[in-house]
Amino acid sequence: MAPPPLASREAVREQRFGELWTNDLNDAFADIARYYDRANEIAALGLWSTFLKRFMQTVDIAPQQKVLDVCAGTNAIGVALLKREPTLDVHAMDRSAEMQTVGQQNAKALGFTIKSTIGDVHTLPFPDNHFDVVTLQFASRHLRVREVFSEILRVLKPGGHFHHSDMLRPRNPIVKNLYYAYLRTCLNFTSLIVGSSPAATRFKQYFIDALDLFYTAEELSIVLRELGFVQVSVDTVFHGMIGFHRAVKPVAKA
């Protein structure tokens, strides 16, 4: 079924998933935290680290910069950035304390410090024009996109970069149907292998439904431009199944 028009997409997503996002999703991620990285590697057929590396290749950083990773989960992004540039001041924000507990353990095991904030990323508790770089990977399908992206624009410094990666809805219907069939199979297999709890298992259909009401690579680029980002670009893999967006906060004219 075709998704609703772009102008009403967020309203439809909110109507369909808003209560789940607010009341239920955190319980699922509380359980998933203990095996999140392993489950992703299984579901991605061993390509999870490859996707992370590809995303990191798009991220522009410089020494001493202040970086925010939104929906940081187990801090895979923060750790990868610090491996590349240890002088970064890295902040991580996520609503799941359980995911961040694992993330802090991962960072400390490598000798890295990542400043963690637990809270709702729809309202970022940081001042305007505060970060040089903001990253967000594999979480936007579970968010009110325009709200979060607007907050990211607010906390970025003028000229600052936003780097985003997520699973997207392919434009080609044949590719889309094959993609969803694969996801159903791999979600069932992965939940069996890792021993997902009922709280996590019941969300398997939601993950498909959320993707089906999400954006194509081109549509997400339009959303970024409408919110005020400039220099928006995107690369995709697997016929639009995964996208890597880059956008910049404009510099105010003198």
# chains A, B, ... in the order shown; residues from 1 in each chain; ligands from 1

$ residues_around --residues "Asp212 of chain A" --least-positions-apart "3" --cutoff "7 Å" --atoms "only C-alpha atoms" --output "VMD selection string"
chain A and resid 169 208 to 209

$ write_last_selection --atoms "C-alpha atoms" --output "JSON list (two decimals), in the first residue's frame"
[["chain", "number", "residue", "atom", "x", "y", "z"],
["A", 169, "ARG", "CA", 11.46, 2.57, 2.50],
["A", 208, "ILE", "CA", 7.88, -3.68, 9.44],
["A", 209, "ASP", "CA", 4.92, -1.32, 9.80]]

$ residues_around --residues "Gly111 of chain A" --least-positions-apart "4" --cutoff "12 Å" --atoms "only C-alpha atoms" --output "list of chain:residue names"
A:Val79, A:Leu82, A:Lys83, A:Pro86, A:Gln104, A:Gln105, A:Asn106, A:Ala107

$ write_last_selection --atoms "N, CA, C and O atoms" --output "short mmCIF file (atom, residue, chain, number, x, y, z; two decimals), in the first residue's frame"
data_model
loop_
_atom_site.label_atom_id
_atom_site.label_comp_id
_atom_site.auth_asym_id
_atom_site.auth_seq_id
_atom_site.Cartn_x
_atom_site.Cartn_y
_atom_site.Cartn_z
N VAL A 79 32.04 5.56 20.14
CA VAL A 79 33.30 4.81 20.22
C VAL A 79 34.04 4.89 18.90
O VAL A 79 35.26 5.12 18.86
N LEU A 82 35.63 8.33 18.52
CA LEU A 82 36.78 8.52 19.40
C LEU A 82 37.99 7.69 18.95
O LEU A 82 39.13 8.11 19.15
N LYS A 83 37.74 6.55 18.36
CA LYS A 83 38.85 5.78 17.79
C LYS A 83 39.52 6.57 16.67
O LYS A 83 40.74 6.52 16.51
N PRO A 86 40.58 10.95 19.09
CA PRO A 86 40.43 10.87 20.55
C PRO A 86 40.21 12.19 21.26
O PRO A 86 39.83 12.20 22.44
N GLN A 104 28.06 2.72 28.01
CA GLN A 104 29.12 3.24 28.87
C GLN A 104 30.15 2.16 29.18
O GLN A 104 31.36 2.43 29.23
N GLN A 105 29.70 0.94 29.37
CA GLN A 105 30.63 -0.17 29.59
C GLN A 105 31.52 -0.38 28.36
O GLN A 105 32.74 -0.60 28.50
N ASN A 106 30.91 -0.28 27.18
CA ASN A 106 31.68 -0.45 25.95
C ASN A 106 32.75 0.63 25.81
O ASN A 106 33.89 0.36 25.42
N ALA A 107 32.37 1.88 26.12
CA ALA A 107 33.33 2.99 25.98
C ALA A 107 34.45 2.88 27.01
O ALA A 107 35.64 3.03 26.68
#

$ select_by_dssp --residues "segment 26-234 of chain A" --states "helix (DSSP H, G or I)" --output "count of residues only"
111

$ select_by_dssp --residues "segment 19-210 of chain A" --states "strand (DSSP E or B)" --output "JSON, numbers by chain"
{"A": [66, 67, 68, 69, 70, 89, 90, 91, 92, 93, 94, 115, 116, 117, 118, 131, 132, 133, 134, 135, 136, 137, 156, 157, 158, 159, 160, 161, 162, 163, 164, 165, 166, 167]}

$ residues_around --residues "Val145 of chain A" --least-positions-apart "4" --cutoff "9 Å" --atoms "only C-alpha atoms" --output "ChimeraX atom specification"
/A:10,122,140-141,149-150,223

$ closest_residue --among "A:Leu110, A:Leu156, A:Val102, A:Val121" --to "Lys66 of chain A" --atoms "only C-alpha atoms"
A:Leu156
